[in-house]
>>> print(open('protein11.cif').read())   # mmCIF, C-alpha atoms
data_query
loop_
_atom_site.group_PDB
_atom_site.id
_atom_site.type_symbol
_atom_site.label_atom_id
_atom_site.label_comp_id
_atom_site.auth_asym_id
_atom_site.auth_seq_id
_atom_site.Cartn_x
_atom_site.Cartn_y
_atom_site.Cartn_z
ATOM 1 C CA MET A 43 210.559 53.927 100.514
ATOM 2 C CA ARG A 44 209.641 56.313 97.717
ATOM 3 C CA ASP A 45 209.125 60.007 98.516
ATOM 4 C CA LYS A 46 205.899 60.389 96.629
ATOM 5 C CA LEU A 47 203.327 58.886 94.317
ATOM 6 C CA ASP A 48 202.041 61.198 91.611
ATOM 7 C CA ILE A 49 199.467 60.023 89.083
ATOM 8 C CA GLU A 50 198.173 62.496 86.515
ATOM 9 C CA PRO A 51 194.381 62.644 86.180
ATOM 10 C CA THR A 52 192.585 61.361 83.076
ATOM 11 C CA SER A 53 188.947 61.865 82.115
ATOM 12 C CA ARG A 54 188.106 58.650 84.001
ATOM 13 C CA THR A 55 190.684 58.489 86.778
ATOM 14 C CA PRO A 56 191.508 60.931 89.585
ATOM 15 C CA ALA A 57 194.767 62.733 90.289
ATOM 16 C CA VAL A 58 196.782 61.029 93.006
ATOM 17 C CA ALA A 59 199.254 63.214 94.910
ATOM 18 C CA PHE A 60 200.824 61.314 97.796
ATOM 19 C CA ASP A 61 203.532 63.464 99.363
ATOM 20 C CA PHE A 62 205.022 60.967 101.810
ATOM 21 C CA VAL A 63 207.759 63.355 102.991
ATOM 22 C CA ASN A 64 205.227 65.905 104.221
ATOM 23 C CA ASN A 65 202.672 63.238 105.212
ATOM 24 C CA HIS A 66 200.033 64.842 102.982
ATOM 25 C CA LEU A 67 198.083 62.544 100.672
ATOM 26 C CA LYS A 68 195.400 63.590 98.236
ATOM 27 C CA ILE A 69 193.045 62.110 95.646
ATOM 28 C CA SER A 70 191.035 64.501 93.482
ATOM 29 C CA GLY A 71 188.823 64.507 90.414
ATOM 30 C CA GLU A 72 186.575 61.892 88.872
ATOM 31 C CA SER A 73 186.820 58.131 89.324
ATOM 32 C CA TYR A 74 185.157 55.649 86.986
ATOM 33 C CA PRO A 75 188.099 53.628 85.666
ATOM 34 C CA GLU A 76 187.744 50.847 83.101
ATOM 35 C CA ASP A 77 189.445 48.525 85.523
ATOM 36 C CA VAL A 78 189.253 49.556 89.189
ATOM 37 C CA THR A 79 191.786 46.958 90.359
ATOM 38 C CA GLU A 80 194.339 48.018 87.772
ATOM 39 C CA PHE A 81 194.064 51.691 88.771
ATOM 40 C CA TYR A 82 193.834 51.357 92.558
ATOM 41 C CA GLY A 83 196.258 48.417 92.958
ATOM 42 C CA PRO A 84 199.414 50.600 92.836
ATOM 43 C CA VAL A 85 197.699 53.243 95.004
ATOM 44 C CA PHE A 86 196.904 50.637 97.691
ATOM 45 C CA SER A 87 200.413 49.186 97.704
ATOM 46 C CA ALA A 88 202.090 52.619 97.949
ATOM 47 C CA LEU A 89 199.749 53.542 100.809
ATOM 48 C CA ASP A 90 200.371 50.215 102.592
ATOM 49 C CA THR A 91 204.134 50.724 102.464
ATOM 50 C CA TYR A 92 203.835 54.290 103.754
ATOM 51 C CA LEU A 93 201.354 53.519 106.546
ATOM 52 C CA GLY A 94 203.385 50.484 107.598
ATOM 53 C CA LYS A 95 206.252 52.832 108.492
ATOM 54 C CA LEU A 96 204.190 55.705 109.865
ATOM 55 C CA SER A 97 204.047 54.254 113.382
ATOM 56 C CA LYS A 98 203.028 57.093 115.772
ATOM 57 C CA GLY A 99 203.419 59.742 113.077
ATOM 58 C CA THR A 100 200.890 62.163 111.656
ATOM 59 C CA CYS A 101 199.161 61.912 108.304
ATOM 60 C CA ARG A 102 196.519 63.907 106.453
ATOM 61 C CA PHE A 103 194.462 62.426 103.610
ATOM 62 C CA ASP A 104 192.289 64.679 101.415
ATOM 63 C CA PHE A 105 189.509 63.283 99.247
ATOM 64 C CA GLU A 106 188.377 65.877 96.695
ATOM 65 C CA LEU A 107 186.237 63.708 94.469
ATOM 66 C CA ILE A 108 183.660 65.183 92.141
ATOM 67 C CA TYR A 109 182.223 61.876 91.009
ATOM 68 C CA LEU A 110 182.921 58.219 91.655
ATOM 69 C CA ASN A 111 181.149 55.167 90.278
ATOM 70 C CA SER A 112 180.000 52.294 92.449
ATOM 71 C CA SER A 113 183.101 50.132 91.971
ATOM 72 C CA SER A 114 185.313 53.093 92.913
ATOM 73 C CA ALA A 115 183.242 53.561 96.091
ATOM 74 C CA LYS A 116 184.425 50.139 97.160
ATOM 75 C CA ALA A 117 188.043 51.165 96.509
ATOM 76 C CA VAL A 118 187.577 54.357 98.547
ATOM 77 C CA MET A 119 186.170 52.281 101.412
ATOM 78 C CA MET A 120 189.328 50.164 101.326
ATOM 79 C CA LEU A 121 191.471 53.320 101.495
ATOM 80 C CA MET A 122 189.443 54.456 104.530
ATOM 81 C CA ASP A 123 189.916 51.048 106.175
ATOM 82 C CA LYS A 124 193.696 51.301 105.755
ATOM 83 C CA LEU A 125 193.707 54.795 107.287
ATOM 84 C CA GLU A 126 191.544 53.649 110.200
ATOM 85 C CA ALA A 127 193.848 50.673 110.805
ATOM 86 C CA ALA A 128 196.893 52.995 110.889
ATOM 87 C CA ALA A 129 195.096 55.235 113.394
ATOM 88 C CA ASN A 130 194.284 52.182 115.516
ATOM 89 C CA ASN A 131 197.984 51.392 115.516
ATOM 90 C CA GLY A 132 198.793 54.748 117.066
ATOM 91 C CA ALA A 133 199.180 57.113 114.135
ATOM 92 C CA SER A 134 197.428 60.461 114.179
ATOM 93 C CA VAL A 135 195.308 60.405 111.018
ATOM 94 C CA GLU A 136 193.141 63.245 109.707
ATOM 95 C CA VAL A 137 190.757 62.475 106.841
ATOM 96 C CA HIS A 138 189.194 65.402 104.976
ATOM 97 C CA TRP A 139 186.284 64.745 102.592
ATOM 98 C CA PHE A 140 185.568 67.703 100.329
ATOM 99 C CA TYR A 141 182.254 67.769 98.467
ATOM 100 C CA ASP A 142 180.685 70.042 95.911
ATOM 101 C CA LYS A 143 177.935 71.909 97.774
ATOM 102 C CA GLU A 144 175.627 71.444 94.786
ATOM 103 C CA ASP A 145 175.851 67.646 94.900
ATOM 104 C CA ASP A 146 174.419 66.277 98.151
ATOM 105 C CA THR A 147 174.972 62.684 96.989
ATOM 106 C CA MET A 148 178.715 63.155 97.421
ATOM 107 C CA GLN A 149 178.097 64.814 100.788
ATOM 108 C CA GLU A 150 176.021 61.815 101.920
ATOM 109 C CA LEU A 151 178.661 59.402 100.679
ATOM 110 C CA GLY A 152 181.252 61.304 102.711
ATOM 111 C CA GLU A 153 179.029 61.051 105.796
ATOM 112 C CA GLU A 154 178.675 57.302 105.261
ATOM 113 C CA PHE A 155 182.441 56.817 105.080
ATOM 114 C CA GLY A 156 182.931 59.106 108.059
ATOM 115 C CA GLU A 157 180.573 57.041 110.234
ATOM 116 C CA ASP A 158 183.002 54.119 110.031
ATOM 117 C CA LEU A 159 186.022 56.091 111.198
ATOM 118 C CA GLU A 160 186.631 56.082 114.929
ATOM 119 C CA ALA A 161 190.369 56.235 115.518
ATOM 120 C CA ALA A 162 190.969 58.427 112.456
ATOM 121 C CA LYS A 163 189.557 61.970 112.667
ATOM 122 C CA PHE A 164 187.039 62.773 109.958
ATOM 123 C CA HIS A 165 186.245 66.211 108.558
ATOM 124 C CA LEU A 166 183.458 66.912 106.070
ATOM 125 C CA GLU A 167 184.025 70.141 104.151
ATOM 126 C CA LYS A 168 182.641 72.035 101.180
ATOM 127 C CA MET A 169 184.966 72.469 98.217
ATOM 128 C CA ALA A 170 186.087 76.033 97.619
ATOM 129 C CA ASP A 171 184.283 77.657 94.662
ATOM 130 C CA MET B 262 164.689 55.166 50.221
ATOM 131 C CA LEU B 263 167.872 55.226 52.273
ATOM 132 C CA ALA B 264 167.234 58.701 53.689
ATOM 133 C CA GLY B 265 163.610 57.744 54.311
ATOM 134 C CA GLN B 266 164.541 54.632 56.304
ATOM 135 C CA LEU B 267 167.023 56.423 58.508
ATOM 136 C CA MET B 268 164.732 59.419 58.933
ATOM 137 C CA ASP B 269 161.974 57.037 60.079
ATOM 138 C CA LEU B 270 164.279 55.546 62.703
ATOM 139 C CA ARG B 271 165.343 58.995 63.843
ATOM 140 C CA SER B 272 161.726 60.232 63.931
ATOM 141 C CA MET B 273 160.679 57.271 66.032
ATOM 142 C CA LEU B 274 163.401 58.036 68.576
ATOM 143 C CA HIS B 275 162.612 61.746 68.407
ATOM 144 C CA THR B 276 158.897 61.093 69.097
ATOM 145 C CA GLN B 277 159.904 59.213 72.236
ATOM 146 C CA GLY B 278 162.034 62.150 73.366
ATOM 147 C CA VAL B 279 165.313 60.321 72.831
ATOM 148 C CA ILE B 280 168.392 62.545 72.536
ATOM 149 C CA PHE B 281 171.086 59.848 72.536
ATOM 150 C CA ALA B 282 170.677 56.262 71.352
ATOM 151 C CA TYR B 283 173.266 53.529 71.154
ATOM 152 C CA SER B 284 172.442 50.005 70.045
ATOM 153 C CA GLY B 285 175.319 47.657 69.476
ATOM 154 C CA TYR B 286 178.319 46.069 71.094
ATOM 155 C CA VAL B 287 179.243 48.100 74.153
ATOM 156 C CA THR B 288 182.843 48.640 75.232
ATOM 157 C CA GLU B 289 184.570 50.891 77.747
ATOM 158 C CA PRO B 290 185.759 53.305 75.000
ATOM 159 C CA VAL B 291 182.101 53.614 73.875
ATOM 160 C CA LEU B 292 181.208 54.563 77.459
ATOM 161 C CA SER B 293 184.008 57.187 77.495
ATOM 162 C CA GLY B 294 183.003 58.729 74.170
ATOM 163 C CA VAL B 295 179.238 58.794 74.654
ATOM 164 C CA GLY B 296 179.804 59.970 78.235
ATOM 165 C CA GLU B 297 181.826 62.998 77.089
ATOM 166 C CA ALA B 298 179.140 63.957 74.537
ATOM 167 C CA LEU B 299 176.442 63.501 77.190
ATOM 168 C CA LYS B 300 178.273 65.846 79.571
ATOM 169 C CA GLN B 301 178.551 68.440 76.806
ATOM 170 C CA LYS B 302 174.838 68.177 75.999
ATOM 171 C CA LEU B 303 173.837 68.504 79.658
ATOM 172 C CA THR B 304 176.065 71.583 79.945
ATOM 173 C CA ILE B 305 174.444 73.109 76.829
ATOM 174 C CA ASP B 306 171.005 72.355 78.368
ATOM 175 C CA ASP B 307 172.181 74.295 81.434
ATOM 176 C CA ALA B 308 171.234 71.358 83.669
ATOM 177 C CA ASP B 309 172.024 72.055 87.330
ATOM 178 C CA THR B 310 175.086 70.370 88.840
ATOM 179 C CA LYS B 311 173.119 67.772 90.765
ATOM 180 C CA THR B 312 171.070 66.727 87.695
ATOM 181 C CA LEU B 313 174.172 66.618 85.494
ATOM 182 C CA ARG B 314 176.050 64.396 87.952
ATOM 183 C CA SER B 315 173.034 62.135 88.527
ATOM 184 C CA VAL B 316 172.276 61.594 84.824
ATOM 185 C CA PHE B 317 175.956 60.906 84.217
ATOM 186 C CA ALA B 318 176.301 58.553 87.191
ATOM 187 C CA ILE B 319 173.249 56.539 86.121
ATOM 188 C CA PHE B 320 174.529 56.427 82.534
ATOM 189 C CA VAL B 321 177.872 54.997 83.739
ATOM 190 C CA GLU B 322 176.253 52.286 85.888
ATOM 191 C CA GLN B 323 173.815 51.312 83.093
ATOM 192 C CA MET B 324 176.632 51.097 80.507
ATOM 193 C CA GLN B 325 178.891 49.087 82.818
ATOM 194 C CA ASN B 326 176.037 46.682 83.575
ATOM 195 C CA MET B 327 175.649 45.944 79.848
ATOM 196 C CA ILE B 328 179.422 45.711 79.292
ATOM 197 C CA ARG B 329 179.727 43.178 82.120
ATOM 198 C CA TYR B 330 176.477 41.218 82.162
ATOM 199 C CA SER B 331 174.677 41.232 78.792
ATOM 200 C CA ALA B 332 174.084 37.615 77.733
ATOM 201 C CA GLU B 333 174.507 38.484 74.040
ATOM 202 C CA ILE B 334 178.203 37.928 73.506
ATOM 203 C CA VAL B 335 180.692 37.625 70.640
ATOM 204 C CA GLN B 336 184.350 36.813 70.901
ATOM 205 C CA THR B 337 186.820 39.101 69.204
ATOM 206 C CA GLN B 338 190.550 39.657 68.805
ATOM 207 C CA PRO B 339 191.991 42.136 71.316
ATOM 208 C CA PRO B 340 192.780 45.600 69.886
ATOM 209 C CA PRO B 341 196.249 45.682 68.223
ATOM 210 C CA ALA B 342 197.577 48.230 70.747
ATOM 211 C CA SER B 343 196.836 46.042 73.768
ATOM 212 C CA ASP B 344 199.195 43.371 75.032
ATOM 213 C CA ALA B 345 196.346 40.904 75.638
ATOM 214 C CA VAL B 346 196.667 37.686 73.684
ATOM 215 C CA ALA B 347 193.460 35.828 74.503
ATOM 216 C CA LEU B 348 190.218 36.399 72.631
ATOM 217 C CA MET B 349 188.093 38.970 74.379
ATOM 218 C CA GLU B 350 184.334 39.088 74.727
ATOM 219 C CA ILE B 351 182.181 42.041 73.803
ATOM 220 C CA ARG B 352 178.525 42.286 74.744
ATOM 221 C CA TYR B 353 175.470 43.749 73.054
ATOM 222 C CA GLY B 354 173.092 46.259 74.553
ATOM 223 C CA ILE B 355 170.884 49.248 73.843
ATOM 224 C CA LEU B 356 170.927 52.491 75.782
ATOM 225 C CA THR B 357 168.911 55.661 75.323
ATOM 226 C CA ILE B 358 168.992 59.025 77.078
ATOM 227 C CA GLY B 359 166.080 61.360 76.578
ATOM 228 C CA ARG B 360 163.603 63.813 78.027
ATOM 229 C CA GLU B 361 160.121 63.289 79.440
ATOM 230 C CA GLY B 362 158.768 66.714 80.264
ATOM 231 C CA ASP B 363 161.321 68.320 82.563
ATOM 232 C CA ASP B 364 162.876 64.979 83.483
ATOM 233 C CA TYR B 365 165.807 63.120 82.006
ATOM 234 C CA VAL B 366 165.397 59.384 81.419
ATOM 235 C CA VAL B 367 168.150 56.811 80.975
ATOM 236 C CA CYS B 368 166.987 53.410 79.652
ATOM 237 C CA ALA B 369 169.112 50.330 79.085
ATOM 238 C CA GLY B 370 168.228 46.923 77.688
ATOM 239 C CA ASN B 371 170.087 43.698 77.107
ATOM 240 C CA LEU B 372 169.632 39.957 76.965
ATOM 241 C CA ILE B 373 169.943 37.932 80.134
ATOM 242 C CA GLN B 374 169.601 34.220 80.889
ATOM 243 C CA ARG B 375 165.972 33.282 81.569
ATOM 244 C CA THR B 376 167.138 31.543 84.716
ATOM 245 C CA ASP B 377 168.268 34.943 86.056
ATOM 246 C CA VAL B 378 164.907 36.687 85.562
ATOM 247 C CA GLU B 379 163.316 35.914 88.921
ATOM 248 C CA ARG B 380 166.445 36.676 90.940
ATOM 249 C CA LEU B 381 166.830 40.014 89.156
ATOM 250 C CA ARG B 382 163.117 40.844 89.472
ATOM 251 C CA ALA B 383 163.192 40.193 93.218
ATOM 252 C CA ARG B 384 166.332 42.257 93.697
ATOM 253 C CA LEU B 385 165.052 45.208 91.663
ATOM 254 C CA SER B 386 161.565 45.137 93.252
ATOM 255 C CA LYS B 387 163.174 45.378 96.657
ATOM 256 C CA ILE B 388 165.348 48.316 95.600
ATOM 257 C CA ARG B 389 162.463 50.083 93.804
ATOM 258 C CA ASP B 390 160.234 49.943 96.874
ATOM 259 C CA MET B 391 162.823 51.232 99.327
ATOM 260 C CA SER B 392 162.891 54.747 100.742
ATOM 261 C CA LYS B 393 166.063 56.814 100.269
ATOM 262 C CA GLU B 394 166.960 56.109 103.894
ATOM 263 C CA GLU B 395 166.536 52.337 103.458
ATOM 264 C CA LEU B 396 168.581 52.489 100.256
ATOM 265 C CA LYS B 397 171.314 54.340 102.087
ATOM 266 C CA ALA B 398 171.444 51.642 104.769
ATOM 267 C CA LEU B 399 171.480 48.783 102.244
ATOM 268 C CA TYR B 400 174.145 50.550 100.169
ATOM 269 C CA LYS B 401 176.356 50.794 103.201
ATOM 270 C CA GLU B 402 175.788 47.160 104.085
ATOM 271 C CA LYS B 403 176.664 46.044 100.519
ATOM 272 C CA LEU B 404 179.706 48.301 100.421
ATOM 273 C CA ARG B 405 181.107 46.288 103.331
ATOM 274 C CA ALA B 406 179.964 42.875 102.057
ATOM 275 C CA ASP B 407 181.864 40.625 99.659
ATOM 276 C CA PRO B 408 180.520 40.777 96.090
ATOM 277 C CA GLU B 409 177.823 38.218 95.270
ATOM 278 C CA GLN B 410 178.662 35.144 93.214
ATOM 279 C CA GLY B 411 178.866 36.064 89.517
ATOM 280 C CA SER B 412 179.294 39.761 90.263
ATOM 281 C CA LYS B 413 182.111 41.534 88.442
ATOM 282 C CA GLY B 414 181.697 44.825 90.207
ATOM 283 C CA ALA B 415 180.894 45.882 93.713
ATOM 284 C CA GLY B 416 177.224 44.773 93.423
ATOM 285 C CA LEU B 417 176.201 48.349 94.124
ATOM 286 C CA GLY B 418 175.212 49.500 90.640
ATOM 287 C CA PHE B 419 171.410 49.157 90.904
ATOM 288 C CA MET B 420 171.424 50.862 94.297
ATOM 289 C CA GLU B 421 173.515 53.722 92.946
ATOM 290 C CA ILE B 422 170.966 54.106 90.117
ATOM 291 C CA ALA B 423 168.000 54.082 92.532
ATOM 292 C CA ARG B 424 169.666 56.550 94.899
ATOM 293 C CA ARG B 425 170.473 59.001 92.112
ATOM 294 C CA ALA B 426 167.032 58.700 90.432
ATOM 295 C CA THR B 427 164.314 61.161 91.431
ATOM 296 C CA ARG B 428 161.477 58.652 90.820
ATOM 297 C CA PRO B 429 161.259 54.907 91.498
ATOM 298 C CA ILE B 430 163.185 52.836 88.950
ATOM 299 C CA GLU B 431 161.109 50.899 86.374
ATOM 300 C CA PHE B 432 162.042 47.541 84.909
ATOM 301 C CA ASP B 433 160.554 44.873 82.686
ATOM 302 C CA PHE B 434 161.354 41.504 81.125
ATOM 303 C CA ALA B 435 160.302 39.967 77.789
ATOM 304 C CA ASP B 436 160.791 36.364 76.713
ATOM 305 C CA ILE B 437 163.102 35.956 73.725
ATOM 306 C CA ASP B 438 163.612 32.196 73.409
ATOM 307 C CA GLY B 439 163.995 29.148 75.606
ATOM 308 C CA ASP B 440 167.259 30.413 77.066
ATOM 309 C CA HIS B 441 167.067 34.193 76.960
ATOM 310 C CA ALA B 442 164.934 37.079 78.107
ATOM 311 C CA PHE B 443 165.224 40.791 77.334
ATOM 312 C CA PHE B 444 165.760 42.964 80.388
ATOM 313 C CA ALA B 445 164.950 46.692 80.392
ATOM 314 C CA LEU B 446 165.673 49.210 83.145
ATOM 315 C CA LYS B 447 164.554 52.839 83.221
ATOM 316 C CA ALA B 448 165.725 55.563 85.573
ATOM 317 C CA THR B 449 164.227 59.042 85.757
ATOM 318 C CA ILE B 450 166.144 62.078 87.006
#
>>> encode(input="protein11.cif", output="structure tokens")
Amino acid sequence: MRDKLDIEPTSRTPAVAFDFVNNHLKISGESYPEDVTEFYGPVFSALDTYLGKLSKGTCRFDFELIYLNSSSAKAVMMLMDKLEAAANNGASVEVHWFYDKEDDTMQELGEEFGEDLEAAKFHLEKMAD
Amino acid sequence: MLAGQLMDLRSMLHTQGVIFAYSGYVTEPVLSGVGEALKQKLTIDDADTKTLRSVFAIFVEQMQNMIRYSAEIVQTQPPPASDAVALMEIRYGILTIGREGDDYVVCAGNLIQRTDVERLRARLSKIRDMSKEELKALYKEKLRADPEQGSKGAGLGFMEIARRATRPIEFDFADIDGDHAFFALKATI
């Protein structure tokens, strides 16, 4: 398995920093790609491989998204589902959703995703200034 | 003559409070470019963060709706840099961003099939009349559901627009010919 997945941010796609060695995964920035499947496909498959081998291990996933369009929201939901499934299989999963305190839409979206997590622990936090 | 004609067009837009106007074939690079300029203008206007993000989010959903669903289509060669070989389709639409008093307004219009008018009217009426709480619940339900037949996105675009807007969305249809109608959608922030 690869040690990490690093994708540089663009104006329309977020930075992906999956540090599999330290079990710390992060997505940050803006997400409104031209083609959601093309962007998130490799992210999903890297995450699937990692979570498949996590077993009872510990993993932290940080979402630090400033803006995401509606098709990206669907992709984020699928990421959450994968994390929840891993937690149901015995892993200890912590999900942190950081939102800009001046944009309550992103706070609400975080709350909505959080409501669906039971096995995975969800934390809603303000971004640092 | 030439300056007069273009000045007239500009004046007409200006009178309606329009700051940005795009009428033509809409592509993803158009969205990127106009989007960057829109962000710059909103920053110059000193719009607060929430307004800036909402205007931008609605702009993105409106543009992507036209790119994906406008019924006015031409086929074109793929750009030389891409590795696509098949003809690609580009779609026509009009989008304006402007001011009405202290509000921002984002309007988009494009052709649709006449057979889609009633389905779209019903869907938009339902969304327009919902409270923010009801919209939140429906959004969540649709996020989990499979996309509807014919949908190329997540089927969440109109709800995202209504949730981000500060007033109820407005929409209208005009008959064009036996097959097509013109569809217009306005969001106020």
>>> closest_residue(input="protein11.cif", among="B:Leu356, B:Ile334, B:Leu348, B:Leu404", to="chain A", atoms="all atoms listed in the file")
B:Leu404
>>> resolve_selection(input="protein11.cif", expression="the PyMOL selection byres ((chain B) within 10 of (chain A))", output="PyMOL selection string")
chain B and resi 288-290+292-293+297+309-315+317-319+321-322+325+397-398+400-401+403-406+413-422+424-425
>>> atom_distance(input="protein11.cif", atom1="CA of Ala442 in chain B", atom2="CA of Val378 in chain B")
7.5 Å
>>> atom_distance(input="protein11.cif", atom1="CA of Leu396 in chain B", atom2="CA of Phe432 in chain B")
17.4 Å
>>> atom_distance(input="protein11.cif", atom1="CA of Val279 in chain B", atom2="CA of Ser331 in chain B")
22.1 Å
>>> closest_residue(input="protein11.cif", among="B:Phe434, B:Pro429, B:Gln266, B:Thr337", to="Asp377 in chain B", atoms="all atoms listed in the file")
B:Phe434
>>> resolve_selection(input="protein11.cif", expression="the PyMOL selection byres ((chain A and resi 123) around 12)", output="NGL selection string")
(:A and (86 or 89-90 or 93 or 116-122 or 124-130 or 135 or 137 or 155-162)) or (:B and (405))
>>> closest_residue(input="protein11.cif", among="A:Glu72, A:Glu136, A:Ala57, A:Phe81", to="Cys101 in chain A", atoms="all atoms listed in the file")
A:Glu136
>>> axis_aligned_box(input="protein11.cif", around="range 318-336 of chain B", padding_each_side="8 Å", output="JSON")
{"center_x": 178.8, "center_y": 47.7, "center_z": 78.9, "size_x": 27.1, "size_y": 37.7, "size_z": 32.6}
>>> residues_near_point(input="protein11.cif", point="(186.7, 35.6, 72.6)", cutoff="9 Å", atoms="all atoms listed in the file", output="count of residues only")
11
>>> residues_near_point(input="protein11.cif", point="(163.4, 41.6, 83.2)", cutoff="9 Å", atoms="all atoms listed in the file", output="PyMOL selection string")
chain B and resi 372-373+375+377-379+381-382+432-436+442-446
>>> closest_residue(input="protein11.cif", among="B:Gly359, B:Val291, B:Ile430, B:Arg380", to="Ser392 in chain B", atoms="only C-alpha atoms")
B:Ile430
>>> resolve_selection(input="protein11.cif", expression="the PyMOL selection byres ((chain A and resi 65) around 10)", output="number ranges by chain")
A: 45-46, 60-64, 66-67, 92-93, 96, 99-103, 135
>>> residues_around(input="protein11.cif", residues="Ser284 in chain B", least_positions_apart="2", cutoff="9 Å", atoms="only C-alpha atoms", output="list in words")
Ala282, Tyr286, Val287, Tyr353, Gly354, Ile355, Leu356 and Thr357 of chain B
